[in-house]
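**Q** Hey, dropping model.csv in here, CSV, C-alpha atoms (C1' of nucleotides):
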chain,number,residue,atom,x,y,z
A,1,MET,CA,3.0,-0.3,-32.4
A,2,PRO,CA,-0.6,0.7,-32.5
A,3,GLU,CA,-1.7,4.0,-34.1
A,4,LYS,CA,-2.5,6.9,-31.8
A,5,ALA,CA,-6.0,6.6,-30.4
A,6,THR,CA,-8.8,8.2,-32.4
A,7,THR,CA,-11.5,10.5,-31.1
A,8,ARG,CA,-14.0,7.6,-31.5
A,9,GLN,CA,-11.8,5.2,-29.5
A,10,MET,CA,-11.1,7.8,-26.8
A,11,ILE,CA,-14.8,8.6,-26.4
A,12,ARG,CA,-15.6,4.9,-26.2
A,13,VAL,CA,-13.2,4.5,-23.3
A,14,LEU,CA,-14.6,7.6,-21.6
A,15,GLU,CA,-18.2,6.2,-21.9
A,16,ILE,CA,-17.1,2.9,-20.4
A,17,LEU,CA,-15.4,4.6,-17.6
A,18,ALA,CA,-18.5,6.8,-17.0
A,19,ASP,CA,-20.6,3.7,-16.7
A,20,THR,CA,-18.1,2.1,-14.4
A,21,TYR,CA,-17.6,5.1,-12.2
A,22,PRO,CA,-21.0,7.0,-12.2
A,23,GLU,CA,-19.8,8.7,-9.0
A,24,ALA,CA,-16.7,10.2,-10.6
A,25,ARG,CA,-16.4,13.9,-9.8
A,26,CYS,CA,-14.2,16.4,-7.9
A,27,ALA,CA,-13.5,14.6,-4.6
A,28,LEU,CA,-12.5,17.7,-2.7
A,29,HIS,CA,-14.9,19.2,-0.2
A,30,PHE,CA,-15.5,22.9,-0.9
A,31,ASP,CA,-18.1,25.6,-0.9
A,32,GLY,CA,-17.4,28.2,-3.6
A,33,PRO,CA,-14.4,29.1,-5.8
A,34,TRP,CA,-12.1,30.3,-3.1
A,35,GLN,CA,-12.4,27.1,-1.0
A,36,LEU,CA,-11.8,25.0,-4.1
A,37,LEU,CA,-8.7,27.1,-4.9
A,38,VAL,CA,-7.3,26.5,-1.4
A,39,ALA,CA,-8.2,22.8,-1.4
A,40,THR,CA,-6.6,22.3,-4.8
A,41,ILE,CA,-3.4,24.1,-3.7
A,42,LEU,CA,-3.3,21.8,-0.7
A,43,SER,CA,-3.8,18.7,-2.9
A,44,ALA,CA,-0.3,18.8,-4.4
A,45,GLN,CA,1.4,15.4,-3.8
A,46,CYS,CA,-1.4,14.6,-1.3
A,47,THR,CA,-4.5,12.5,-1.3
A,48,ASP,CA,-7.8,14.3,-1.5
A,49,ARG,CA,-8.9,12.4,1.6
A,50,GLN,CA,-6.0,14.0,3.5
A,51,VAL,CA,-7.0,17.5,2.2
A,52,ASN,CA,-10.6,17.0,3.3
A,53,LEU,CA,-9.5,16.2,6.8
A,54,VAL,CA,-7.8,19.7,7.2
A,55,THR,CA,-10.1,22.0,5.2
A,56,GLY,CA,-13.0,21.9,7.8
A,57,PRO,CA,-11.0,23.4,10.6
A,58,LEU,CA,-9.0,25.5,8.2
A,59,PHE,CA,-12.0,27.3,6.7
A,60,GLN,CA,-13.5,27.8,10.1
A,61,ARG,CA,-10.4,29.6,11.2
A,62,PHE,CA,-9.8,31.4,7.9
A,63,PRO,CA,-13.1,31.7,6.2
A,64,ASN,CA,-12.1,34.1,3.4
A,65,PRO,CA,-9.1,35.6,1.6
A,66,ASP,CA,-9.0,38.6,3.9
A,67,ALA,CA,-8.6,36.4,7.0
A,68,MET,CA,-6.0,34.2,5.3
A,69,ALA,CA,-4.0,37.1,4.0
A,70,GLY,CA,-3.5,38.1,7.6
A,71,ALA,CA,-2.8,34.7,8.9
A,72,ASP,CA,0.1,33.9,11.2
A,73,GLN,CA,2.2,31.5,9.0
A,74,GLY,CA,3.0,29.2,12.0
A,75,GLU,CA,-0.6,28.8,12.9
A,76,LEU,CA,-1.5,28.1,9.3
A,77,GLU,CA,1.3,25.6,9.0
A,78,ASN,CA,0.0,23.7,12.0
A,79,LEU,CA,-3.5,23.5,10.4
A,80,ILE,CA,-2.3,22.1,7.1
A,81,ARG,CA,0.8,20.1,8.3
A,82,SER,CA,-0.6,16.7,7.5
A,83,THR,CA,-0.9,17.5,3.8
A,84,GLY,CA,2.8,17.7,3.4
A,85,PHE,CA,5.0,20.5,1.9
A,86,PHE,CA,3.3,22.6,4.6
A,87,ARG,CA,5.8,25.5,4.7
A,88,ASN,CA,5.6,26.1,1.0
A,89,LYS,CA,1.8,25.6,1.0
A,90,ALA,CA,1.3,28.0,3.9
A,91,ALA,CA,3.4,30.7,2.4
A,92,ASN,CA,1.7,30.3,-0.9
A,93,LEU,CA,-1.8,30.4,0.6
A,94,ILE,CA,-1.0,33.7,2.4
A,95,ALA,CA,0.6,35.2,-0.6
A,96,CYS,CA,-2.2,33.9,-2.8
A,97,ALA,CA,-4.9,35.4,-0.6
A,98,ALA,CA,-3.0,38.7,-0.6
A,99,ALA,CA,-2.8,38.6,-4.4
A,100,LEU,CA,-6.5,38.0,-4.7
A,101,LEU,CA,-7.2,41.1,-2.5
A,102,GLN,CA,-4.8,43.3,-4.4
A,103,ARG,CA,-5.5,42.2,-8.0
A,104,HIS,CA,-9.0,40.8,-8.0
A,105,ALA,CA,-11.0,42.5,-5.2
A,106,GLY,CA,-10.9,39.3,-3.1
A,107,GLN,CA,-12.5,37.2,-5.8
A,108,VAL,CA,-11.1,34.2,-7.6
A,109,PRO,CA,-10.4,35.2,-11.2
A,110,GLU,CA,-12.1,33.1,-14.0
A,111,ARG,CA,-9.2,33.3,-16.5
A,112,MET,CA,-6.4,30.9,-16.9
A,113,GLU,CA,-3.9,33.7,-17.3
A,114,ASP,CA,-4.9,35.3,-14.0
A,115,LEU,CA,-5.1,32.1,-12.1
A,116,VAL,CA,-1.6,30.8,-13.0
A,117,ALA,CA,-0.2,34.2,-12.0
A,118,LEU,CA,-1.2,33.5,-8.4
A,119,PRO,CA,1.4,32.1,-6.0
A,120,GLY,CA,1.2,28.4,-5.7
A,121,VAL,CA,-1.2,28.0,-8.7
A,122,GLY,CA,0.1,26.2,-11.7
A,123,ARG,CA,-1.8,25.1,-14.8
A,124,LYS,CA,-3.2,21.9,-13.3
A,125,THR,CA,-4.6,23.7,-10.2
A,126,ALA,CA,-6.0,26.4,-12.5
A,127,ASN,CA,-7.8,23.8,-14.7
A,128,VAL,CA,-9.4,22.2,-11.6
A,129,VAL,CA,-10.7,25.6,-10.4
A,130,LEU,CA,-11.9,26.6,-13.9
A,131,GLY,CA,-13.7,23.3,-14.5
A,132,ASN,CA,-15.2,22.7,-11.1
A,133,ALA,CA,-16.0,26.2,-9.9
A,134,PHE,CA,-16.7,28.0,-13.1
A,135,SER,CA,-17.6,25.3,-15.6
A,136,VAL,CA,-14.9,26.4,-18.0
A,137,PRO,CA,-13.7,23.5,-20.0
A,138,GLY,CA,-10.2,22.2,-19.3
A,139,LEU,CA,-8.2,19.0,-19.0
A,140,ALA,CA,-6.4,19.0,-15.6
A,141,VAL,CA,-3.3,16.8,-16.2
A,142,ASP,CA,-2.1,15.3,-12.9
A,143,THR,CA,-0.1,12.2,-12.2
A,144,HIS,CA,-3.1,10.0,-12.8
A,145,VAL,CA,-4.1,11.5,-16.1
A,146,ARG,CA,-0.6,11.4,-17.3
A,147,ARG,CA,-0.1,7.7,-16.4
A,148,VAL,CA,-3.5,6.4,-17.6
A,149,SER,CA,-3.4,8.3,-20.9
A,150,TRP,CA,0.1,7.0,-21.5
A,151,ARG,CA,-0.9,3.4,-20.8
A,152,LEU,CA,-4.0,3.7,-23.0
A,153,GLY,CA,-1.8,4.8,-25.9
A,154,TRP,CA,-3.5,8.2,-26.0
A,155,THR,CA,-0.2,10.1,-25.9
A,156,LYS,CA,3.5,9.6,-25.9
A,157,GLN,CA,4.1,13.0,-24.3
A,158,THR,CA,5.3,13.2,-20.7
A,159,ASP,CA,5.0,16.9,-20.0
A,160,PRO,CA,1.6,17.8,-18.7
A,161,VAL,CA,1.2,20.8,-20.9
A,162,ARG,CA,2.0,18.8,-24.0
A,163,ILE,CA,-0.3,16.1,-22.9
A,164,GLU,CA,-3.1,18.7,-22.7
A,165,GLN,CA,-2.2,20.0,-26.2
A,166,ASP,CA,-2.1,16.4,-27.5
A,167,LEU,CA,-5.4,15.2,-26.0
A,168,CYS,CA,-7.8,18.2,-26.1
A,169,PRO,CA,-7.9,18.6,-29.9
A,170,ARG,CA,-9.1,15.0,-30.2
A,171,LEU,CA,-11.9,15.4,-27.6
A,172,PRO,CA,-15.1,17.5,-27.7
A,173,THR,CA,-14.7,20.5,-25.5
A,174,GLU,CA,-17.6,19.4,-23.3
A,175,ARG,CA,-15.8,16.2,-22.4
A,176,TRP,CA,-12.6,17.8,-21.1
A,177,THR,CA,-13.5,18.3,-17.5
A,178,MET,CA,-15.2,15.0,-17.1
A,179,ALA,CA,-12.3,13.2,-18.8
A,180,SER,CA,-10.0,14.4,-16.0
A,181,HIS,CA,-12.3,13.0,-13.4
A,182,LEU,CA,-12.8,9.7,-15.1
A,183,LEU,CA,-9.1,9.1,-15.8
A,184,ILE,CA,-8.2,10.1,-12.2
A,185,HIS,CA,-10.9,7.8,-10.8
A,186,HIS,CA,-9.7,5.0,-13.0
A,187,GLY,CA,-6.1,5.7,-12.1
A,188,ARG,CA,-6.9,5.4,-8.4
A,189,ALA,CA,-9.2,2.4,-8.5
A,190,ILE,CA,-7.7,0.1,-11.2
A,191,CYS,CA,-4.9,1.7,-13.3
A,192,ARG,CA,-2.7,2.3,-10.3
A,193,ALA,CA,0.8,3.5,-10.5
A,194,SER,CA,2.1,0.3,-8.8
A,195,ARG,CA,0.4,-3.1,-9.4
A,196,PRO,CA,-2.4,-2.0,-11.7
A,197,ALA,CA,-5.4,-4.3,-11.5
A,198,CYS,CA,-5.5,-5.1,-15.2
A,199,HIS,CA,-7.4,-8.3,-14.5
A,200,SER,CA,-10.5,-6.3,-13.6
A,201,CYS,CA,-10.1,-3.4,-15.9
A,202,PRO,CA,-13.2,-2.4,-17.8
A,203,VAL,CA,-11.3,-1.0,-20.8
A,204,LEU,CA,-8.7,-3.7,-21.0
A,205,ALA,CA,-9.8,-4.6,-24.5
A,206,LEU,CA,-9.1,-1.0,-25.6
A,207,CYS,CA,-5.7,-0.8,-23.9
A,208,PRO,CA,-2.7,-1.4,-26.2
A,209,ARG,CA,-0.7,-2.7,-23.3
A,210,THR,CA,-3.2,-5.4,-22.4
A,211,GLY,CA,-1.9,-5.9,-18.9
A,212,VAL,CA,1.6,-4.7,-18.6
A,213,ALA,CA,2.5,-1.9,-16.3
B,1,DA,C1',17.0,18.8,-12.4
B,2,DT,C1',16.0,19.5,-7.7
B,3,DC,C1',13.6,20.7,-3.6
B,4,DC,C1',9.7,20.8,-0.6
B,5,DC,C1',7.2,17.1,3.2
B,6,DG,C1',3.6,14.2,5.7
B,7,DA,C1',0.8,10.0,5.4
B,8,DG,C1',-0.4,5.5,3.8
B,9,DG,C1',0.5,1.0,1.5
B,10,DG,C1',3.3,-3.1,0.4
C,1,DC,C1',12.8,-0.3,3.5
C,2,DC,C1',10.4,1.2,-0.9
C,3,DC,C1',6.8,3.8,-3.7
C,4,DT,C1',3.0,7.0,-4.4
C,5,DC,C1',-0.3,10.7,-3.6
C,6,DT,C1',-5.2,15.4,-8.2
C,7,DG,C1',2.3,20.1,-8.2
C,8,DG,C1',4.7,24.3,-8.1
C,9,DA,C1',8.8,27.2,-7.9
C,10,DT,C1',13.6,27.8,-8.5
Please express the file's structure as structure tokens.
**A**
Amino acid sequence: MPEKATTRQMIRVLEILADTYPEARCALHFDGPWQLLVATILSAQCTDRQVNLVTGPLFQRFPNPDAMAGADQGELENLIRSTGFFRNKAANLIACAAALLQRHAGQVPERMEDLVALPGVGRKTANVVLGNAFSVPGLAVDTHVRRVSWRLGWTKQTDPVRIEQDLCPRLPTERWTMASHLLIHHGRAICRASRPACHSCPVLALCPRTGVA
DNA sequence: ATCCCGAGGG
DNA sequence: CCCTCTGGAT
């Protein structure tokens, strides 16, 4: 078994991925922290493409937390139905908007502690909002980050929080947010969950598995 | 550990 | 049919 990846090796992989995917960034369409928060809540177990299809009409109908807090849940469900889990998500969005009004004067808070206290917001969603709306460093560990970092031999953990605790100390703070984007992009394009395209992987030489899913 | 849930791909 | 998609709450 290979040793756990070093900071130098991890940065080398990230640099190659950055060269391979210069367009890597947050793929959700949004304008401002609140729209990003809503889009990220909707992105649970759903492609970003599917989220982007519904957020246009959604934000036209409910342009701010005040409007969404007073939304009819059935109407909201219909607007977000195609993203899946629509009953949970609709209830969470209404409760979340209400919580923003009650606790934060209708603004999206910039602290992890406050974000994860919002309905429907877990640590992964909070990290996405912090990193992409407020430029606060964080590693958002989703299904792609978990799978790719596992295959690269960067971690043996499976719990997202432990993966975060395992990887972050070995990476410079300023690379955390981009690391999420790069690993997600690579996970979608090449290092897919099923039938990964190892034959065309730019970091194959740095992967301990060298081709096995 | 289990549930929520639609859409897309193989 | 199967698996997977930028999870979260119970």
**Q** Just want the 10 Å neighbourhood of DA9 (chain C), counted on only C-alpha atoms (C1' of nucleotides), with same-chain residues fewer than 6 positions away dropped. Output as a list in words.
**A**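 With the cut-off at 10 Å, the set is Asn88, Pro119, Gly120 and Gly122 of chain A; DC3 and DC4 of chain B.
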**Q** Would you mind listing what lies within 6 Å of DG6 (chain B) as a short mmCIF file (atom, residue, chain, number, x, y, z; two decimals) with C-alpha atoms, in the coordinates of the input, with all atoms listed in the file counted and same-chain residues fewer than 6 positions away left out?
**A**
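Saved the output as result_30.cif:
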data_model
loop_
_atom_site.label_atom_id
_atom_site.label_comp_id
_atom_site.auth_asym_id
_atom_site.auth_seq_id
_atom_site.Cartn_x
_atom_site.Cartn_y
_atom_site.Cartn_z
CA SER A 82 -0.60 16.70 7.50
CA THR A 83 -0.90 17.50 3.80
CA GLY A 84 2.80 17.70 3.40
#
**Q** Against chain A, which residues of chain C fall within 9 Å? For each one I want the closest pair of atoms and the distance in Å (one decimal), counting only C-alpha atoms (C1' of nucleotides), rows by chain and increasing residue number, as a Markdown table.
**A**
| residue | atom | partner | partner_atom | distance |
| --- | --- | --- | --- | --- |
| C:DC3 | C1' | A:Ser194 | CA | 7.8 |
| C:DT4 | C1' | A:Ala193 | CA | 7.4 |
| C:DC5 | C1' | A:Cys46 | CA | 4.7 |
| C:DT6 | C1' | A:Asp142 | CA | 5.6 |
| C:DG7 | C1' | A:Ala44 | CA | 4.8 |
| C:DG8 | C1' | A:Gly120 | CA | 5.9 |
| C:DA9 | C1' | A:Gly120 | CA | 8.0 |
**Q** List as a list in words the protein and nucleic acid residues near Leu171 (chain A), meaning an atom at most 8 Å away when only C-alpha atoms (C1' of nucleotides) are counted, but skip any in the same chain fewer than 5 places from it.
**A**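 The filter keeps Thr7, Met10, Ile11 and Trp176 of chain A.
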**Q** Pull C-alpha atoms from the residues just selected and write them as a PDB file, keeping the file's coordinate frame.
**A**
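New file selection_32.pdb:
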ATOM      1  CA  THR A   7     -11.500  10.500 -31.100  1.00  0.00           C
ATOM      2  CA  MET A  10     -11.100   7.800 -26.800  1.00  0.00           C
ATOM      3  CA  ILE A  11     -14.800   8.600 -26.400  1.00  0.00           C
ATOM      4  CA  TRP A 176     -12.600  17.800 -21.100  1.00  0.00           C
TER       5      TRP A 176
END
**Q** Could you please determine the separation between CA of Ala205 (chain A) and CA of Gly153 (chain A) in Å, to one decimal place?
**A**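 Spanning CA of Ala205 (chain A) to CA of Gly153 (chain A) is a straight-line distance of 12.4 Å.
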**Q** If I take CA of Thr20 (chain A) and CA of Arg147 (chain A), how far is one from the other in Å, to one decimal?
**A**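 Separation of CA of Thr20 (chain A) and CA of Arg147 (chain A): 19.0 Å.
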**Q** As an exercise, work out the distance from CA of His199 (chain A) to CA of Arg49 (chain A) in Å and give it to one decimal place.
**A**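 Here the two named atoms are 26.3 Å from each other.
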**Q** Give me, as a ChimeraX atom specification, all polymer residues having an atom no more than 8 Å from Ala126 (chain A), counting only C-alpha atoms (C1' of nucleotides) and skipping those fewer than 5 positions away in the same chain.
**A** /A:112,115-116,121
**Q** Give the answer as one residue: which of A:Glu174, A:Ala67, A:Arg195, A:Gly187 has the shortest atom-to-atom distance to chain B, using all atoms listed in the file?
**A**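 Answer, going by the shortest atom-to-atom distance: A:Arg195.
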